[in-house]
>>> print(open('structure_22.cif').read())   # mmCIF, C-alpha atoms
data_model
loop_
_atom_site.group_PDB
_atom_site.id
_atom_site.type_symbol
_atom_site.label_atom_id
_atom_site.label_comp_id
_atom_site.auth_asym_id
_atom_site.auth_seq_id
_atom_site.Cartn_x
_atom_site.Cartn_y
_atom_site.Cartn_z
ATOM 1 C CA MET A 337 0.386 -82.371 -56.039
ATOM 2 C CA MET A 338 -0.635 -80.457 -52.944
ATOM 3 C CA ARG A 339 0.124 -76.745 -53.101
ATOM 4 C CA ILE A 340 0.686 -74.697 -49.963
ATOM 5 C CA GLY A 341 1.559 -71.104 -50.730
ATOM 6 C CA SER A 342 4.208 -71.232 -53.447
ATOM 7 C CA ASP A 343 5.334 -74.778 -52.558
ATOM 8 C CA SER A 344 4.166 -78.085 -54.035
ATOM 9 C CA PHE A 345 4.186 -81.439 -52.274
ATOM 10 C CA LYS A 346 3.793 -84.912 -53.734
ATOM 11 C CA SER A 347 2.681 -86.393 -50.428
ATOM 12 C CA ARG A 348 -0.638 -85.539 -48.830
ATOM 13 C CA LEU A 349 0.365 -87.137 -45.544
ATOM 14 C CA LEU A 350 1.737 -84.900 -42.791
ATOM 15 C CA LEU A 351 3.402 -86.674 -39.892
ATOM 16 C CA GLY A 352 4.154 -85.786 -36.284
ATOM 17 C CA SER A 353 7.575 -86.342 -34.706
ATOM 18 C CA ALA A 354 6.487 -87.376 -31.188
ATOM 19 C CA LEU A 355 5.973 -90.634 -29.291
ATOM 20 C CA TYR A 356 8.234 -92.890 -31.393
ATOM 21 C CA PRO A 357 10.132 -95.575 -29.501
ATOM 22 C CA SER A 358 13.429 -94.022 -30.652
ATOM 23 C CA PRO A 359 14.779 -91.296 -32.968
ATOM 24 C CA LYS A 360 15.914 -94.059 -35.329
ATOM 25 C CA ILE A 361 12.382 -95.450 -35.629
ATOM 26 C CA MET A 362 11.088 -91.929 -36.170
ATOM 27 C CA ARG A 363 13.501 -91.517 -39.075
ATOM 28 C CA GLU A 364 12.539 -94.879 -40.568
ATOM 29 C CA SER A 365 8.843 -94.048 -40.208
ATOM 30 C CA ILE A 366 9.265 -90.672 -41.897
ATOM 31 C CA GLU A 367 11.087 -92.346 -44.757
ATOM 32 C CA ALA A 368 8.468 -95.105 -45.095
ATOM 33 C CA SER A 369 5.618 -92.579 -45.070
ATOM 34 C CA GLU A 370 7.295 -90.512 -47.808
ATOM 35 C CA THR A 371 5.918 -87.464 -46.043
ATOM 36 C CA GLU A 372 7.443 -84.105 -46.876
ATOM 37 C CA ILE A 373 6.031 -82.188 -43.891
ATOM 38 C CA VAL A 374 6.706 -83.066 -40.238
ATOM 39 C CA THR A 375 5.395 -81.272 -37.174
ATOM 40 C CA VAL A 376 7.616 -80.170 -34.302
ATOM 41 C CA ALA A 377 7.095 -78.389 -30.996
ATOM 42 C CA LEU A 378 9.008 -76.113 -28.635
ATOM 43 C CA ARG A 379 10.037 -76.576 -25.056
ATOM 44 C CA ARG A 380 11.951 -74.679 -22.445
ATOM 45 C CA ALA A 381 15.663 -75.276 -22.560
ATOM 46 C CA ALA A 382 17.104 -76.539 -19.295
ATOM 47 C CA ASN A 383 19.305 -74.016 -17.498
ATOM 48 C CA THR A 384 22.174 -76.392 -18.043
ATOM 49 C CA PRO A 385 24.656 -76.869 -20.895
ATOM 50 C CA ASP A 386 23.468 -78.170 -24.266
ATOM 51 C CA CYS A 387 22.707 -81.825 -24.472
ATOM 52 C CA SER A 388 22.331 -83.691 -27.726
ATOM 53 C CA ASN A 389 19.056 -83.224 -29.526
ATOM 54 C CA SER A 390 19.292 -86.238 -31.815
ATOM 55 C CA PHE A 391 15.671 -86.170 -32.913
ATOM 56 C CA PHE A 392 16.093 -82.661 -34.263
ATOM 57 C CA GLU A 393 19.366 -83.462 -36.010
ATOM 58 C CA ILE A 394 17.591 -86.343 -37.766
ATOM 59 C CA LEU A 395 14.758 -84.071 -38.846
ATOM 60 C CA ARG A 396 17.158 -81.480 -40.202
ATOM 61 C CA GLN A 397 19.063 -84.103 -42.154
ATOM 62 C CA SER A 398 15.889 -85.690 -43.522
ATOM 63 C CA GLY A 399 15.132 -82.608 -45.599
ATOM 64 C CA VAL A 400 11.449 -82.516 -44.650
ATOM 65 C CA ARG A 401 9.647 -79.225 -44.280
ATOM 66 C CA LEU A 402 9.056 -78.445 -40.605
ATOM 67 C CA LEU A 403 5.658 -77.364 -39.335
ATOM 68 C CA PRO A 404 6.021 -76.037 -35.769
ATOM 69 C CA ASN A 405 3.008 -76.212 -33.505
ATOM 70 C CA THR A 406 1.651 -74.282 -30.535
ATOM 71 C CA ALA A 407 0.675 -77.404 -28.603
ATOM 72 C CA ASN A 408 -0.516 -76.999 -25.015
ATOM 73 C CA CYS A 409 -1.359 -73.307 -25.390
ATOM 74 C CA LEU A 410 -4.517 -72.371 -23.515
ATOM 75 C CA SER A 411 -5.006 -68.821 -24.793
ATOM 76 C CA ALA A 412 -4.529 -66.782 -27.933
ATOM 77 C CA GLU A 413 -1.831 -64.794 -26.125
ATOM 78 C CA GLN A 414 0.210 -67.931 -25.358
ATOM 79 C CA ALA A 415 -0.224 -69.275 -28.874
ATOM 80 C CA ILE A 416 0.808 -65.997 -30.508
ATOM 81 C CA LEU A 417 4.007 -65.779 -28.450
ATOM 82 C CA THR A 418 4.791 -69.447 -29.139
ATOM 83 C CA ALA A 419 4.252 -68.893 -32.874
ATOM 84 C CA ARG A 420 6.588 -65.907 -32.868
ATOM 85 C CA MET A 421 9.251 -67.963 -31.063
ATOM 86 C CA ALA A 422 8.743 -70.838 -33.499
ATOM 87 C CA ARG A 423 9.332 -68.446 -36.377
ATOM 88 C CA SER A 424 12.507 -67.260 -34.669
ATOM 89 C CA ILE A 425 13.858 -70.813 -34.247
ATOM 90 C CA PHE A 426 12.769 -72.492 -37.450
ATOM 91 C CA GLN A 427 12.848 -69.496 -39.785
ATOM 92 C CA THR A 428 9.430 -70.380 -41.167
ATOM 93 C CA ASP A 429 6.129 -68.552 -41.382
ATOM 94 C CA TRP A 430 4.253 -71.831 -41.087
ATOM 95 C CA ILE A 431 2.509 -72.472 -37.801
ATOM 96 C CA LYS A 432 0.176 -75.253 -36.759
ATOM 97 C CA LEU A 433 -2.059 -73.223 -34.497
ATOM 98 C CA GLU A 434 -3.385 -75.139 -31.519
ATOM 99 C CA VAL A 435 -5.273 -73.457 -28.716
ATOM 100 C CA ILE A 436 -6.948 -75.969 -26.469
ATOM 101 C CA ALA A 437 -9.829 -75.365 -24.108
ATOM 102 C CA ASP A 438 -9.250 -78.280 -21.796
ATOM 103 C CA THR A 439 -6.063 -80.110 -20.902
ATOM 104 C CA ASP A 440 -7.790 -83.499 -20.627
ATOM 105 C CA ALA A 441 -10.066 -83.474 -23.658
ATOM 106 C CA LEU A 442 -7.566 -81.419 -25.705
ATOM 107 C CA ASN A 443 -10.487 -79.945 -27.606
ATOM 108 C CA PRO A 444 -9.762 -76.791 -29.559
ATOM 109 C CA ASP A 445 -10.952 -73.472 -28.120
ATOM 110 C CA PRO A 446 -12.621 -71.911 -31.175
ATOM 111 C CA PHE A 447 -12.843 -68.399 -29.741
ATOM 112 C CA GLU A 448 -9.184 -68.121 -28.835
ATOM 113 C CA LEU A 449 -8.231 -69.948 -32.044
ATOM 114 C CA VAL A 450 -9.940 -67.453 -34.338
ATOM 115 C CA SER A 451 -8.550 -64.547 -32.333
ATOM 116 C CA ALA A 452 -4.982 -65.901 -32.547
ATOM 117 C CA ALA A 453 -5.371 -66.699 -36.249
ATOM 118 C CA LYS A 454 -6.343 -63.091 -37.022
ATOM 119 C CA THR A 455 -3.262 -61.715 -35.272
ATOM 120 C CA LEU A 456 -0.847 -64.223 -36.785
ATOM 121 C CA ILE A 457 -2.168 -63.787 -40.324
ATOM 122 C CA ALA A 458 -1.701 -60.023 -39.950
ATOM 123 C CA GLU A 459 1.921 -60.795 -39.020
ATOM 124 C CA GLY A 460 2.434 -62.808 -42.195
ATOM 125 C CA PHE A 461 2.113 -66.341 -40.831
ATOM 126 C CA GLU A 462 0.717 -69.212 -42.903
ATOM 127 C CA VAL A 463 -1.672 -70.512 -40.266
ATOM 128 C CA PHE A 464 -2.660 -74.191 -40.107
ATOM 129 C CA PRO A 465 -5.433 -74.023 -37.477
ATOM 130 C CA TYR A 466 -6.356 -77.200 -35.617
ATOM 131 C CA THR A 467 -10.093 -77.038 -35.038
ATOM 132 C CA THR A 468 -13.177 -79.162 -34.525
ATOM 133 C CA ASP A 469 -15.461 -80.346 -37.330
ATOM 134 C CA ASP A 470 -17.802 -77.381 -36.688
ATOM 135 C CA LEU A 471 -18.514 -75.620 -39.972
ATOM 136 C CA ALA A 472 -19.169 -72.217 -38.395
ATOM 137 C CA VAL A 473 -15.736 -72.148 -36.793
ATOM 138 C CA ALA A 474 -14.108 -73.227 -40.051
ATOM 139 C CA MET A 475 -15.926 -70.403 -41.840
ATOM 140 C CA ARG A 476 -14.754 -67.862 -39.268
ATOM 141 C CA LEU A 477 -11.183 -69.103 -39.713
ATOM 142 C CA VAL A 478 -11.500 -68.622 -43.464
ATOM 143 C CA ASP A 479 -12.971 -65.160 -42.861
ATOM 144 C CA ALA A 480 -9.923 -64.419 -40.705
ATOM 145 C CA GLY A 481 -7.713 -65.197 -43.688
ATOM 146 C CA CYS A 482 -6.808 -68.852 -43.177
ATOM 147 C CA LYS A 483 -6.175 -70.622 -46.481
ATOM 148 C CA ILE A 484 -5.924 -73.928 -44.639
ATOM 149 C CA VAL A 485 -8.280 -75.408 -42.049
ATOM 150 C CA MET A 486 -7.512 -78.589 -40.116
ATOM 151 C CA PRO A 487 -10.593 -80.170 -38.541
ATOM 152 C CA TRP A 488 -10.204 -83.079 -36.188
ATOM 153 C CA ALA A 489 -11.564 -86.520 -36.929
ATOM 154 C CA ALA A 490 -11.730 -87.235 -33.202
ATOM 155 C CA PRO A 491 -9.861 -86.008 -30.096
ATOM 156 C CA ILE A 492 -6.055 -85.899 -30.325
ATOM 157 C CA GLY A 493 -4.419 -89.236 -29.709
ATOM 158 C CA SER A 494 -7.721 -91.112 -29.403
ATOM 159 C CA GLY A 495 -7.349 -93.183 -32.566
ATOM 160 C CA GLN A 496 -11.136 -93.343 -32.806
ATOM 161 C CA GLY A 497 -11.331 -92.416 -36.462
ATOM 162 C CA PRO A 498 -13.877 -89.944 -37.869
ATOM 163 C CA ASN A 499 -16.612 -89.421 -35.283
ATOM 164 C CA ASN A 500 -18.725 -87.306 -37.600
ATOM 165 C CA LEU A 501 -18.183 -87.994 -41.275
ATOM 166 C CA ARG A 502 -21.317 -85.995 -42.155
ATOM 167 C CA ALA A 503 -19.836 -82.856 -40.600
ATOM 168 C CA LEU A 504 -16.552 -83.357 -42.428
ATOM 169 C CA GLU A 505 -18.406 -83.945 -45.678
ATOM 170 C CA MET A 506 -20.441 -80.771 -45.182
ATOM 171 C CA MET A 507 -17.285 -78.765 -44.486
ATOM 172 C CA ARG A 508 -15.715 -80.095 -47.665
ATOM 173 C CA ASN A 509 -18.769 -79.172 -49.700
ATOM 174 C CA LYS A 510 -19.183 -75.716 -48.170
ATOM 175 C CA LEU A 511 -15.505 -74.734 -48.393
ATOM 176 C CA PRO A 512 -14.450 -76.017 -51.813
ATOM 177 C CA ASP A 513 -11.626 -73.479 -52.199
ATOM 178 C CA THR A 514 -10.045 -73.970 -48.776
ATOM 179 C CA MET A 515 -7.288 -76.499 -48.205
ATOM 180 C CA LEU A 516 -8.756 -78.952 -45.708
ATOM 181 C CA ILE A 517 -6.485 -81.318 -43.825
ATOM 182 C CA VAL A 518 -7.898 -83.736 -41.270
ATOM 183 C CA ASP A 519 -5.750 -83.488 -38.174
ATOM 184 C CA ALA A 520 -5.986 -85.733 -35.128
ATOM 185 C CA GLY A 521 -7.992 -88.736 -34.058
ATOM 186 C CA LEU A 522 -7.124 -91.142 -36.860
ATOM 187 C CA GLY A 523 -6.197 -94.645 -35.745
ATOM 188 C CA LYS A 524 -6.218 -96.878 -38.805
ATOM 189 C CA PRO A 525 -5.226 -96.481 -42.447
ATOM 190 C CA SER A 526 -8.869 -96.975 -43.446
ATOM 191 C CA HIS A 527 -9.739 -93.828 -41.444
ATOM 192 C CA ALA A 528 -7.330 -91.831 -43.593
ATOM 193 C CA ALA A 529 -8.742 -93.352 -46.771
ATOM 194 C CA GLN A 530 -12.272 -92.484 -45.630
ATOM 195 C CA VAL A 531 -11.587 -88.775 -45.262
ATOM 196 C CA MET A 532 -9.473 -88.628 -48.418
ATOM 197 C CA GLU A 533 -12.415 -90.181 -50.276
ATOM 198 C CA LEU A 534 -14.500 -87.216 -49.090
ATOM 199 C CA GLY A 535 -12.140 -84.923 -50.956
ATOM 200 C CA PHE A 536 -9.952 -83.751 -48.106
ATOM 201 C CA ASP A 537 -6.621 -82.411 -49.293
ATOM 202 C CA GLY A 538 -4.513 -84.273 -46.775
ATOM 203 C CA VAL A 539 -4.250 -85.833 -43.348
ATOM 204 C CA LEU A 540 -1.980 -85.107 -40.407
ATOM 205 C CA LEU A 541 -1.345 -87.801 -37.838
ATOM 206 C CA ASN A 542 1.167 -88.919 -35.272
ATOM 207 C CA SER A 543 -0.001 -91.395 -32.621
ATOM 208 C CA ALA A 544 -1.445 -93.916 -35.086
ATOM 209 C CA VAL A 545 2.023 -94.422 -36.556
ATOM 210 C CA ALA A 546 4.246 -93.797 -33.554
ATOM 211 C CA LEU A 547 2.267 -96.080 -31.228
ATOM 212 C CA ALA A 548 1.853 -98.946 -33.716
ATOM 213 C CA ASP A 549 3.647 -102.214 -33.005
ATOM 214 C CA ASP A 550 5.634 -101.524 -36.176
ATOM 215 C CA PRO A 551 5.678 -97.753 -36.769
ATOM 216 C CA LYS A 552 7.587 -98.077 -40.031
ATOM 217 C CA GLY A 553 5.048 -100.558 -41.435
ATOM 218 C CA MET A 554 2.143 -98.399 -40.265
ATOM 219 C CA ALA A 555 3.712 -95.315 -41.837
ATOM 220 C CA GLN A 556 3.775 -97.097 -45.167
ATOM 221 C CA ALA A 557 0.201 -98.312 -44.678
ATOM 222 C CA PHE A 558 -0.999 -94.739 -44.094
ATOM 223 C CA LYS A 559 0.915 -93.547 -47.142
ATOM 224 C CA LEU A 560 -0.891 -96.114 -49.289
ATOM 225 C CA ALA A 561 -4.258 -95.347 -47.692
ATOM 226 C CA VAL A 562 -3.905 -91.614 -48.328
ATOM 227 C CA GLU A 563 -2.920 -92.274 -51.919
ATOM 228 C CA ALA A 564 -5.768 -94.778 -52.408
ATOM 229 C CA GLY A 565 -8.360 -92.430 -50.929
ATOM 230 C CA ARG A 566 -7.183 -89.521 -53.047
ATOM 231 C CA LEU A 567 -7.055 -91.538 -56.252
ATOM 232 C CA GLY A 568 -10.502 -92.932 -55.526
ATOM 233 C CA TYR A 569 -11.880 -89.436 -54.941
ATOM 234 C CA ILE A 570 -10.519 -87.940 -58.136
ATOM 235 C CA SER A 571 -11.555 -91.003 -60.145
ATOM 236 C CA GLY A 572 -15.241 -90.426 -59.321
ATOM 237 C CA PHE A 573 -17.314 -92.945 -57.420
ATOM 238 C CA MET A 574 -20.231 -94.864 -58.912
ATOM 239 C CA HIS A 575 -23.706 -93.897 -57.712
ATOM 240 C CA GLN A 576 -25.108 -96.050 -54.951
ATOM 241 C CA ARG A 577 -28.255 -98.072 -55.696
ATOM 242 C CA ASN A 578 -30.947 -99.262 -53.358
ATOM 243 C CA PHE A 579 -31.040 -102.744 -54.893
ATOM 244 C CA GLY A 580 -28.644 -105.199 -56.442
ATOM 245 C CA ALA A 581 -27.764 -104.871 -60.093
ATOM 246 C CA PRO A 582 -26.035 -107.628 -62.049
ATOM 247 C CA SER A 583 -22.492 -107.007 -63.088
ATOM 248 C CA THR A 584 -22.450 -110.109 -65.301
ATOM 249 C CA PRO A 585 -24.370 -109.496 -68.543
ATOM 250 C CA THR A 586 -27.714 -111.332 -68.706
ATOM 251 C CA VAL A 587 -27.646 -111.668 -72.508
ATOM 252 C CA GLY A 588 -27.498 -115.355 -73.522
ATOM 253 C CA THR A 589 -28.410 -116.747 -70.128
ATOM 254 C CA PRO A 590 -28.759 -120.558 -70.507
ATOM 255 C CA PHE A 591 -32.316 -121.943 -70.844
ATOM 256 C CA TRP A 592 -32.356 -123.764 -67.499
ATOM 257 C CA HIS A 593 -32.041 -120.413 -65.719
ATOM 258 C CA GLN A 594 -35.191 -119.336 -67.612
ATOM 259 C CA GLU A 595 -36.993 -122.536 -66.476
ATOM 260 C CA ASP A 596 -36.084 -121.760 -62.856
ATOM 261 C CA ALA A 597 -37.507 -118.300 -63.279
ATOM 262 C CA LEU A 598 -40.840 -119.771 -64.422
ATOM 263 C CA VAL A 599 -41.232 -122.086 -61.423
ATOM 264 C CA MET B 1391 21.072 -58.930 -10.576
ATOM 265 C CA ARG B 1392 18.352 -61.516 -10.474
ATOM 266 C CA LEU B 1393 16.582 -62.777 -13.551
ATOM 267 C CA GLU B 1394 13.874 -65.368 -14.006
ATOM 268 C CA VAL B 1395 15.072 -67.714 -16.735
ATOM 269 C CA ASN B 1396 12.617 -70.375 -17.882
ATOM 270 C CA GLY B 1397 10.745 -70.075 -14.604
ATOM 271 C CA LYS B 1398 13.802 -70.350 -12.373
ATOM 272 C CA GLU B 1399 15.642 -67.598 -10.553
ATOM 273 C CA LEU B 1400 19.152 -66.995 -11.836
ATOM 274 C CA ASN B 1401 21.862 -64.566 -10.756
ATOM 275 C CA ALA B 1402 23.626 -62.716 -13.524
ATOM 276 C CA PRO B 1403 26.147 -59.851 -13.550
ATOM 277 C CA ASN B 1404 24.925 -56.328 -14.136
ATOM 278 C CA ASN B 1405 24.904 -55.263 -17.788
ATOM 279 C CA CYS B 1406 24.510 -58.898 -18.836
ATOM 280 C CA THR B 1407 23.302 -59.136 -22.433
ATOM 281 C CA VAL B 1408 21.220 -61.943 -23.889
ATOM 282 C CA ALA B 1409 24.384 -63.219 -25.588
ATOM 283 C CA ASP B 1410 26.253 -63.140 -22.257
ATOM 284 C CA LEU B 1411 23.450 -65.106 -20.623
ATOM 285 C CA LEU B 1412 23.553 -67.749 -23.364
ATOM 286 C CA VAL B 1413 27.311 -68.091 -22.921
ATOM 287 C CA ARG B 1414 26.811 -68.395 -19.169
ATOM 288 C CA LEU B 1415 24.292 -71.187 -19.784
ATOM 289 C CA GLU B 1416 26.683 -72.767 -22.319
ATOM 290 C CA ARG B 1417 23.908 -72.716 -24.872
ATOM 291 C CA ASP B 1418 24.530 -72.583 -28.590
ATOM 292 C CA THR B 1419 22.629 -69.757 -30.271
ATOM 293 C CA HIS B 1420 21.534 -71.995 -33.145
ATOM 294 C CA TRP B 1421 18.040 -73.435 -33.003
ATOM 295 C CA ILE B 1422 16.887 -71.485 -30.005
ATOM 296 C CA ALA B 1423 14.441 -68.654 -29.512
ATOM 297 C CA VAL B 1424 14.627 -66.078 -26.748
ATOM 298 C CA ALA B 1425 11.872 -63.894 -25.368
ATOM 299 C CA VAL B 1426 12.356 -61.206 -22.752
ATOM 300 C CA ASP B 1427 9.239 -60.094 -20.916
ATOM 301 C CA ARG B 1428 7.164 -61.855 -23.604
ATOM 302 C CA THR B 1429 8.831 -60.105 -26.529
ATOM 303 C CA VAL B 1430 10.763 -62.264 -28.975
ATOM 304 C CA ILE B 1431 14.330 -61.035 -29.378
ATOM 305 C CA PRO B 1432 15.790 -61.243 -32.899
ATOM 306 C CA ARG B 1433 19.087 -63.126 -33.045
ATOM 307 C CA GLU B 1434 20.965 -60.035 -34.218
ATOM 308 C CA LYS B 1435 20.052 -58.231 -30.992
ATOM 309 C CA TYR B 1436 21.404 -60.881 -28.606
ATOM 310 C CA SER B 1437 24.714 -59.018 -28.220
ATOM 311 C CA SER B 1438 23.255 -55.573 -27.740
ATOM 312 C CA LEU B 1439 20.201 -56.157 -25.560
ATOM 313 C CA VAL B 1440 21.167 -55.559 -21.924
ATOM 314 C CA LEU B 1441 18.996 -57.406 -19.443
ATOM 315 C CA ARG B 1442 17.564 -55.667 -16.398
ATOM 316 C CA GLU B 1443 16.830 -56.762 -12.840
ATOM 317 C CA GLY B 1444 13.798 -59.009 -12.531
ATOM 318 C CA GLN B 1445 13.187 -59.574 -16.227
ATOM 319 C CA LEU B 1446 11.529 -62.779 -17.424
ATOM 320 C CA VAL B 1447 13.621 -64.644 -19.960
ATOM 321 C CA GLU B 1448 12.300 -67.601 -21.922
ATOM 322 C CA ILE B 1449 14.707 -69.752 -23.933
ATOM 323 C CA LEU B 1450 13.018 -72.367 -26.119
ATOM 324 C CA ILE B 1451 14.436 -75.204 -28.190
ATOM 325 C CA PRO B 1452 12.894 -77.737 -30.620
ATOM 326 C CA MET B 1453 11.009 -80.702 -29.234
ATOM 327 C CA GLN B 1454 9.107 -83.625 -30.722
ATOM 328 C CA GLY B 1455 5.527 -82.679 -31.476
ATOM 329 C CA GLY B 1456 2.392 -83.816 -33.225
#
>>> encode(input="structure_22.cif", output="structure tokens")
Amino acid sequence: MMRIGSDSFKSRLLLGSALYPSPKIMRESIEASETEIVTVALRRAANTPDCSNSFFEILRQSGVRLLPNTANCLSAEQAILTARMARSIFQTDWIKLEVIADTDALNPDPFELVSAAKTLIAEGFEVFPYTTDDLAVAMRLVDAGCKIVMPWAAPIGSGQGPNNLRALEMMRNKLPDTMLIVDAGLGKPSHAAQVMELGFDGVLLNSAVALADDPKGMAQAFKLAVEAGRLGYISGFMHQRNFGAPSTPTVGTPFWHQEDALV
Amino acid sequence: MRLEVNGKELNAPNNCTVADLLVRLERDTHWIAVAVDRTVIPREKYSSLVLREGQLVEILIPMQGG
């Protein structure tokens, strides 16, 4: 079980709600992933009468916990206001805090991120900060009061998989009491398994599922990969060796093998 | 009076409240958030908060996101 605040979750996979070919495929993908937490965003309403918002109706009916984000914010000020508006709409203190430094690279701005996190935590938010794999920034976020830190594996939407496993591993080792969720940059189920095997508490992804040829199938694949990686991690890995070691017992080896060895 | 609503100029009657504006825009008050001059307005104040000339109003709704 994954505990966030006073809530427990069976699934360690968090899923985004964007980029699916249709709301129906989004719903099927959410169901196949068995995720319990789905991210959402905010946009300006058109100055015209209400139109149907079928994606949101589906999310509400699915019973998943919503995690609003502050996507596209370029400053702490923008992110703080967006978070406050998200709380007003969704009636949740959860916020996936994104403050980006560059609209092309979409890399997090660590200075604005830490600043926004401090303010939002003081206002009672449960902050899920999207950050790089830099340990110093993660430590400053923890100092600011974040119980959760979400380092990227690679830039958002790139599907590259973990670009720096060593940095992620170091973060895991240095912050054993912080909930660490890898967010962004995963492309294949094996990428999710890799970071779960490092002891990460969960993964958050969107594009890898939504842009797959079969999003529903990929959602299930990621579910299995996250579960496999987690189970592998808690089961304890064998120690690596520099040379081969026989797995078949050598006791009672037939005599002709011994003759070969003498040649 | 003139307001700026979601980045666009909009004419509204004097003494227009946030609730009046939402009615004028035919927008349901569920699943929206409103900020006036960058301050989030609690739902229970929609009917009492009177808007003033030139104020910036942001009305946000849910959207797909990652």
>>> closest_atom_pairs(input="structure_22.cif", of="chain A", to="chain B", cutoff="6 Å", atoms="all atoms listed in the file", output="Markdown table")
| residue | atom | partner | partner_atom | distance |
| --- | --- | --- | --- | --- |
| A:Gly352 | CA | B:Gly1456 | CA | 4.0 |
| A:Ser353 | CA | B:Gln1454 | CA | 5.1 |
| A:Ala354 | CA | B:Gln1454 | CA | 4.6 |
| A:Thr375 | CA | B:Gly1456 | CA | 5.6 |
| A:Val376 | CA | B:Gly1455 | CA | 4.3 |
| A:Ala377 | CA | B:Gly1455 | CA | 4.6 |
| A:Leu378 | CA | B:Pro1452 | CA | 4.7 |
| A:Arg379 | CA | B:Leu1450 | CA | 5.3 |
| A:Arg380 | CA | B:Leu1450 | CA | 4.5 |
| A:Ala381 | CA | B:Leu1450 | CA | 5.3 |
| A:Thr384 | CA | B:Leu1415 | CA | 5.9 |
| A:Pro385 | CA | B:Glu1416 | CA | 4.8 |
| A:Asp386 | CA | B:Arg1417 | CA | 5.5 |
| A:Met421 | CA | B:Ala1423 | CA | 5.5 |
| A:Ser424 | CA | B:Ala1423 | CA | 5.7 |
| A:Ile425 | CA | B:Trp1421 | CA | 5.1 |
| A:Asn542 | CA | B:Gly1456 | CA | 5.6 |
>>> resolve_selection(input="structure_22.cif", expression="the PyMOL selection byres ((chain B and resi 1408) around 8)", output="MDAnalysis selection string")
chainID B and resid 1406:1407 1409:1412 1436:1441
>>> closest_residue(input="structure_22.cif", among="A:Ile436, A:Leu516, A:Ala422, A:Ile394", to="Ala407 of chain A", atoms="all atoms listed in the file")
A:Ile436
>>> residues_around(input="structure_22.cif", residues="segment 560-568 of chain A", least_positions_apart="6", cutoff="6 Å", atoms="all atoms listed in the file", output="ChimeraX atom specification")
/A:525,528-529,532-533
>>> residues_near_point(input="structure_22.cif", point="(4.2, -96.7, -41.6)", cutoff="7 Å", atoms="all atoms listed in the file", output="list in words")
Ser365, Ala368, Ser369, Val545, Pro551, Lys552, Gly553, Met554, Ala555, Gln556, Ala557 and Phe558 of chain A
>>> resolve_selection(input="structure_22.cif", expression="the PyMOL selection byres ((chain B and resi 1392) around 10)", output="ChimeraX atom specification")
/B:1391,1393-1395,1399-1404,1441-1446
>>> atom_distance(input="structure_22.cif", atom1="atom CA of Thr418 of chain A", atom2="atom CA of Val485 of chain A")
19.3 Å
>>> atom_distance(input="structure_22.cif", atom1="atom CA of Gly521 of chain A", atom2="atom CA of Glu413 of chain A")
26.0 Å
>>> atom_distance(input="structure_22.cif", atom1="atom CA of Asn1405 of chain B", atom2="atom CA of Lys1435 of chain B")
14.4 Å
>>> closest_residue(input="structure_22.cif", among="A:Phe536, A:Leu417, A:Asp470, A:Gly572", to="Asp1427 of chain B", atoms="only C-alpha atoms")
A:Leu417
>>> closest_residue(input="structure_22.cif", among="A:Ile517, A:Arg508, A:Ala503, A:Tyr569", to="Pro487 of chain A", atoms="all atoms listed in the file")
A:Ile517
>>> axis_aligned_box(input="structure_22.cif", around="segment 1437-1451 of chain B", padding_each_side="4 Å", output="AutoDock Vina command-line options")
--center_x 18.1 --center_y -65.4 --center_z -20.4 --size_x 21.2 --size_y 27.6 --size_z 23.7
>>> resolve_selection(input="structure_22.cif", expression="the PyMOL selection byres ((chain A and resi 514) around 9)", output="JSON, numbers by chain")
{"A": [478, 482, 483, 484, 485, 508, 511, 512, 513, 515, 516]}
>>> write_last_selection(input="structure_22.cif", atoms="C-alpha atoms", output="mmCIF file, keeping the file's coordinate frame")
data_model
loop_
_atom_site.group_PDB
_atom_site.id
_atom_site.type_symbol
_atom_site.label_atom_id
_atom_site.label_comp_id
_atom_site.auth_asym_id
_atom_site.auth_seq_id
_atom_site.Cartn_x
_atom_site.Cartn_y
_atom_site.Cartn_z
ATOM 1 C CA VAL A 478 -11.500 -68.622 -43.464
ATOM 2 C CA CYS A 482 -6.808 -68.852 -43.177
ATOM 3 C CA LYS A 483 -6.175 -70.622 -46.481
ATOM 4 C CA ILE A 484 -5.924 -73.928 -44.639
ATOM 5 C CA VAL A 485 -8.280 -75.408 -42.049
ATOM 6 C CA ARG A 508 -15.715 -80.095 -47.665
ATOM 7 C CA LEU A 511 -15.505 -74.734 -48.393
ATOM 8 C CA PRO A 512 -14.450 -76.017 -51.813
ATOM 9 C CA ASP A 513 -11.626 -73.479 -52.199
ATOM 10 C CA MET A 515 -7.288 -76.499 -48.205
ATOM 11 C CA LEU A 516 -8.756 -78.952 -45.708
#
>>> residues_near_point(input="structure_22.cif", point="(-11.3, -68.1, -38.0)", cutoff="10 Å", atoms="all atoms listed in the file", output="ChimeraX atom specification")
/A:446-454,465,467,472-482,485
>>> write_last_selection(input="structure_22.cif", atoms="C-alpha atoms", output="short mmCIF file (atom, residue, chain, number, x, y, z; two decimals), in the frame of the given file")
data_model
loop_
_atom_site.label_atom_id
_atom_site.label_comp_id
_atom_site.auth_asym_id
_atom_site.auth_seq_id
_atom_site.Cartn_x
_atom_site.Cartn_y
_atom_site.Cartn_z
CA PRO A 446 -12.62 -71.91 -31.18
CA PHE A 447 -12.84 -68.40 -29.74
CA GLU A 448 -9.18 -68.12 -28.84
CA LEU A 449 -8.23 -69.95 -32.04
CA VAL A 450 -9.94 -67.45 -34.34
CA SER A 451 -8.55 -64.55 -32.33
CA ALA A 452 -4.98 -65.90 -32.55
CA ALA A 453 -5.37 -66.70 -36.25
CA LYS A 454 -6.34 -63.09 -37.02
CA PRO A 465 -5.43 -74.02 -37.48
CA THR A 467 -10.09 -77.04 -35.04
CA ALA A 472 -19.17 -72.22 -38.40
CA VAL A 473 -15.74 -72.15 -36.79
CA ALA A 474 -14.11 -73.23 -40.05
CA MET A 475 -15.93 -70.40 -41.84
CA ARG A 476 -14.75 -67.86 -39.27
CA LEU A 477 -11.18 -69.10 -39.71
CA VAL A 478 -11.50 -68.62 -43.46
CA ASP A 479 -12.97 -65.16 -42.86
CA ALA A 480 -9.92 -64.42 -40.70
CA GLY A 481 -7.71 -65.20 -43.69
CA CYS A 482 -6.81 -68.85 -43.18
CA VAL A 485 -8.28 -75.41 -42.05
#
